[in-house]
Amino acid sequence: MRDKKIVKLTLAGMFAALAFCCFSYLRIEVPMGLGLTGKIYIGHAFLILSALVVGARYGALSGAVGLTLADVLAGYTTSAPPTFAAKFILGWSVAFLAHRVLHLHEAAPDRRDRIVVAAAVGGSIVNVLTEPLIRFSFKYFVLGYAYQVAYVSALNCAVSMALSAIPSVFVAVLLYKVLQRGVLRNRDQERG
């Protein structure tokens, strides 16, 4: 039992580091108007993958911690609290859909690909809807930004998250298929 927790914690740390690296070094900043930029990156892919592989608790925390640290170290300190909340919800929703609703680990191997795609897309949709609301609420109610500024920032966030979701889902599904052929197959054989 202790070994399983150590493996999950190690994998969660690895996925957090990969999400951090993707945001820090592989992001594309796109001008969005009014002096704001949107960020397109595949860091969500590792958050999604973490939620699929290690489950809700560790998966959600790995993405939340990795991307929050990326915000802090990139100078987006005021974005860190909403990032933590939004990424935790993203990871939790992917894991919830995959494991509780669609029963990924109990599914036949030929159905797993569809379940992974459905959970990744579903979690990304949750993120596109919730992250702008979280950011708007934080900027308007906590930081005291003007309504219009908080609104435009939330709209910018929605566009960025929608654009980032496409490559992130693709990469997460592709990497899950790679893991499924190797590491996850060995784990499933040990369970069965």
# chains A, B, ... in the order shown; residues from 1 in each chain; ligands from 1
>>> residues_around(residues="range 50-67 of chain A", least_positions_apart="3", cutoff="7 Å", atoms="only C-alpha atoms", output="PyMOL selection string")
chain A and resi 8-9+12-13+15-17+19-20+46-47+70-71+83-84+87-89+91-92+94-96+98
>>> closest_atom_pairs(of="range 35-117 of chain A", to="range 128-152 of chain A", cutoff="8 Å", atoms="only C-alpha atoms", output="tab-separated table")
residue	atom	partner	partner_atom	distance
A:Ser79	CA	A:Arg135	CA	7.8
A:Pro82	CA	A:Arg135	CA	5.7
A:Thr83	CA	A:Glu131	CA	7.8
A:Ala85	CA	A:Ile134	CA	7.7
A:Ala86	CA	A:Glu131	CA	5.1
>>> atom_distance(atom1="CA of Ala120 in chain A", atom2="CA of Ile48 in chain A")
6.3 Å
>>> residues_around(residues="Leu174 in chain A", least_positions_apart="2", cutoff="12 Å", atoms="only C-alpha atoms", output="list in words")
Ala45, Phe46, Ile48, Leu49, Asp113, Val116, Val117, Ala120, Pro167, Ser168, Val169, Phe170, Val171, Ala172, Tyr176, Lys177, Val178, Leu179, Gln180 and Arg181 of chain A
>>> write_last_selection(atoms="C-alpha atoms", output="PDB file, in the first residue's frame")
ATOM      1  CA  ALA A  45      -1.980  17.785 -21.429  1.00  0.00           C
ATOM      2  CA  PHE A  46       0.124  16.666 -18.468  1.00  0.00           C
ATOM      3  CA  ILE A  48      -5.107  15.628 -17.966  1.00  0.00           C
ATOM      4  CA  LEU A  49      -2.682  12.727 -18.240  1.00  0.00           C
ATOM      5  CA  ASP A 113      -9.513   5.297 -26.069  1.00  0.00           C
ATOM      6  CA  VAL A 116      -9.923   8.935 -22.429  1.00  0.00           C
ATOM      7  CA  VAL A 117     -11.039  11.289 -25.214  1.00  0.00           C
ATOM      8  CA  ALA A 120     -10.197  14.892 -21.615  1.00  0.00           C
ATOM      9  CA  PRO A 167      -3.541  20.649 -28.600  1.00  0.00           C
ATOM     10  CA  SER A 168      -3.617  19.645 -24.914  1.00  0.00           C
ATOM     11  CA  VAL A 169      -6.362  17.061 -25.430  1.00  0.00           C
ATOM     12  CA  PHE A 170      -4.602  15.738 -28.525  1.00  0.00           C
ATOM     13  CA  VAL A 171      -1.244  15.388 -26.741  1.00  0.00           C
ATOM     14  CA  ALA A 172      -2.818  13.885 -23.597  1.00  0.00           C
ATOM     15  CA  TYR A 176      -2.017   8.002 -22.789  1.00  0.00           C
ATOM     16  CA  LYS A 177      -2.028   5.602 -25.752  1.00  0.00           C
ATOM     17  CA  VAL A 178       1.765   5.364 -25.517  1.00  0.00           C
ATOM     18  CA  LEU A 179       1.582   4.694 -21.776  1.00  0.00           C
ATOM     19  CA  GLN A 180      -1.227   2.199 -22.297  1.00  0.00           C
ATOM     20  CA  ARG A 181       0.978   0.083 -24.535  1.00  0.00           C
TER      21      ARG A 181
END
>>> select_by_dssp(residues="chain A", states="strand (DSSP E)", output="list in words")
Ile28, Glu29, Val30, Pro31, Met32, Gly33, Leu36, Thr37, Gly38, Lys39 and Ile40 of chain A
>>> write_last_selection(atoms="C-alpha atoms", output="PDB file, in the first residue's frame")
ATOM      1  CA  ILE A  28       2.997  30.981 -27.227  1.00  0.00           C
ATOM      2  CA  GLU A  29       1.791  34.423 -26.208  1.00  0.00           C
ATOM      3  CA  VAL A  30      -0.869  35.807 -28.530  1.00  0.00           C
ATOM      4  CA  PRO A  31      -1.985  39.465 -28.476  1.00  0.00           C
ATOM      5  CA  MET A  32      -5.695  39.569 -27.622  1.00  0.00           C
ATOM      6  CA  GLY A  33      -6.472  43.303 -27.610  1.00  0.00           C
ATOM      7  CA  LEU A  36      -3.705  41.728 -22.963  1.00  0.00           C
ATOM      8  CA  THR A  37      -2.052  38.566 -24.199  1.00  0.00           C
ATOM      9  CA  GLY A  38      -3.411  35.061 -24.307  1.00  0.00           C
ATOM     10  CA  LYS A  39      -1.222  32.083 -23.616  1.00  0.00           C
ATOM     11  CA  ILE A  40      -1.453  28.921 -25.670  1.00  0.00           C
TER      12      ILE A  40
END
>>> select_by_dssp(residues="range 6-158 of chain A", states="helix (DSSP H, G or I)", output="PyMOL selection string")
chain A and resi 6-25+43-54+56-73+77-101+104-106+109-142+147-158
>>> closest_residue(among="A:Leu163, A:Glu106, A:Lys5, A:Thr68", to="Tyr41 in chain A", atoms="only C-alpha atoms")
A:Leu163
>>> decode(residues="range 78-118 of chain A", atoms="N, CA and C atoms", output="tab-separated table (two decimals), in the first residue's frame")
chain	number	residue	atom	x	y	z
A	78	THR	N	-0.32	37.42	-9.10
A	78	THR	CA	-1.74	37.61	-8.79
A	78	THR	C	-2.61	36.58	-9.50
A	79	SER	N	-2.07	35.89	-10.47
A	79	SER	CA	-2.83	34.83	-11.16
A	79	SER	C	-2.72	33.49	-10.45
A	80	ALA	N	-1.81	33.36	-9.50
A	80	ALA	CA	-1.55	32.07	-8.87
A	80	ALA	C	-2.76	31.49	-8.14
A	81	PRO	N	-3.46	32.24	-7.28
A	81	PRO	CA	-4.61	31.63	-6.59
A	81	PRO	C	-5.72	31.14	-7.53
A	82	PRO	N	-6.14	31.96	-8.53
A	82	PRO	CA	-7.15	31.42	-9.44
A	82	PRO	C	-6.63	30.26	-10.30
A	83	THR	N	-5.34	30.29	-10.62
A	83	THR	CA	-4.77	29.17	-11.38
A	83	THR	C	-4.87	27.89	-10.57
A	84	PHE	N	-4.51	27.95	-9.29
A	84	PHE	CA	-4.58	26.76	-8.44
A	84	PHE	C	-6.00	26.20	-8.42
A	85	ALA	N	-6.98	27.06	-8.19
A	85	ALA	CA	-8.38	26.60	-8.13
A	85	ALA	C	-8.84	26.05	-9.47
A	86	ALA	N	-8.56	26.75	-10.55
A	86	ALA	CA	-9.04	26.33	-11.87
A	86	ALA	C	-8.38	25.02	-12.31
A	87	LYS	N	-7.10	24.88	-12.08
A	87	LYS	CA	-6.41	23.66	-12.52
A	87	LYS	C	-6.77	22.47	-11.63
A	88	PHE	N	-7.04	22.73	-10.36
A	88	PHE	CA	-7.51	21.65	-9.50
A	88	PHE	C	-8.86	21.14	-10.01
A	89	ILE	N	-9.74	22.06	-10.37
A	89	ILE	CA	-11.06	21.66	-10.90
A	89	ILE	C	-10.91	20.92	-12.22
A	90	LEU	N	-9.99	21.37	-13.08
A	90	LEU	CA	-9.75	20.66	-14.35
A	90	LEU	C	-9.30	19.23	-14.09
A	91	GLY	N	-8.29	19.06	-13.25
A	91	GLY	CA	-7.79	17.71	-12.96
A	91	GLY	C	-8.84	16.84	-12.30
A	92	TRP	N	-9.56	17.41	-11.35
A	92	TRP	CA	-10.59	16.65	-10.66
A	92	TRP	C	-11.70	16.24	-11.62
A	93	SER	N	-12.12	17.13	-12.51
A	93	SER	CA	-13.22	16.80	-13.43
A	93	SER	C	-12.81	15.72	-14.43
A	94	VAL	N	-11.56	15.77	-14.91
A	94	VAL	CA	-11.09	14.72	-15.82
A	94	VAL	C	-11.07	13.38	-15.09
A	95	ALA	N	-10.52	13.35	-13.89
A	95	ALA	CA	-10.46	12.10	-13.13
A	95	ALA	C	-11.86	11.60	-12.78
A	96	PHE	N	-12.74	12.50	-12.38
A	96	PHE	CA	-14.11	12.12	-12.04
A	96	PHE	C	-14.81	11.50	-13.25
A	97	LEU	N	-14.70	12.15	-14.40
A	97	LEU	CA	-15.33	11.60	-15.61
A	97	LEU	C	-14.72	10.25	-15.99
A	98	ALA	N	-13.41	10.18	-15.96
A	98	ALA	CA	-12.73	8.95	-16.41
A	98	ALA	C	-12.96	7.78	-15.46
A	99	HIS	N	-12.84	8.03	-14.16
A	99	HIS	CA	-12.84	6.92	-13.21
A	99	HIS	C	-14.20	6.65	-12.55
A	100	ARG	N	-14.94	7.69	-12.24
A	100	ARG	CA	-16.22	7.50	-11.54
A	100	ARG	C	-17.40	7.35	-12.49
A	101	VAL	N	-17.41	8.14	-13.56
A	101	VAL	CA	-18.55	8.11	-14.47
A	101	VAL	C	-18.37	7.06	-15.56
A	102	LEU	N	-17.19	7.07	-16.20
A	102	LEU	CA	-16.96	6.18	-17.35
A	102	LEU	C	-16.18	4.91	-17.01
A	103	HIS	N	-15.68	4.79	-15.79
A	103	HIS	CA	-15.00	3.58	-15.29
A	103	HIS	C	-13.87	3.13	-16.22
A	104	LEU	N	-12.90	3.97	-16.39
A	104	LEU	CA	-11.78	3.73	-17.31
A	104	LEU	C	-11.06	2.41	-17.04
A	105	HIS	N	-10.71	2.14	-15.80
A	105	HIS	CA	-9.89	0.96	-15.51
A	105	HIS	C	-10.67	-0.35	-15.60
A	106	GLU	N	-11.99	-0.27	-15.56
A	106	GLU	CA	-12.81	-1.47	-15.68
A	106	GLU	C	-13.28	-1.70	-17.11
A	107	ALA	N	-13.03	-0.76	-17.99
A	107	ALA	CA	-13.52	-0.84	-19.37
A	107	ALA	C	-12.67	-1.81	-20.18
A	108	ALA	N	-13.29	-2.35	-21.22
A	108	ALA	CA	-12.56	-3.21	-22.15
A	108	ALA	C	-11.51	-2.36	-22.87
A	109	PRO	N	-10.39	-2.97	-23.20
A	109	PRO	CA	-9.30	-2.21	-23.84
A	109	PRO	C	-9.73	-1.43	-25.10
A	110	ASP	N	-10.67	-1.96	-25.85
A	110	ASP	CA	-11.08	-1.28	-27.07
A	110	ASP	C	-11.95	-0.04	-26.78
A	111	ARG	N	-12.49	0.08	-25.58
A	111	ARG	CA	-13.30	1.25	-25.20
A	111	ARG	C	-12.50	2.32	-24.49
A	112	ARG	N	-11.31	2.00	-24.06
A	112	ARG	CA	-10.52	2.95	-23.25
A	112	ARG	C	-10.17	4.22	-24.01
A	113	ASP	N	-9.86	4.10	-25.29
A	113	ASP	CA	-9.51	5.30	-26.07
A	113	ASP	C	-10.67	6.29	-26.09
A	114	ARG	N	-11.87	5.81	-26.28
A	114	ARG	CA	-13.04	6.69	-26.30
A	114	ARG	C	-13.28	7.31	-24.93
A	115	ILE	N	-13.06	6.55	-23.89
A	115	ILE	CA	-13.25	7.08	-22.54
A	115	ILE	C	-12.23	8.17	-22.25
A	116	VAL	N	-10.98	7.95	-22.64
A	116	VAL	CA	-9.92	8.93	-22.43
A	116	VAL	C	-10.25	10.22	-23.18
A	117	VAL	N	-10.67	10.10	-24.43
A	117	VAL	CA	-11.04	11.29	-25.21
A	117	VAL	C	-12.22	12.01	-24.56
A	118	ALA	N	-13.24	11.26	-24.17
A	118	ALA	CA	-14.43	11.88	-23.55
A	118	ALA	C	-14.07	12.59	-22.25
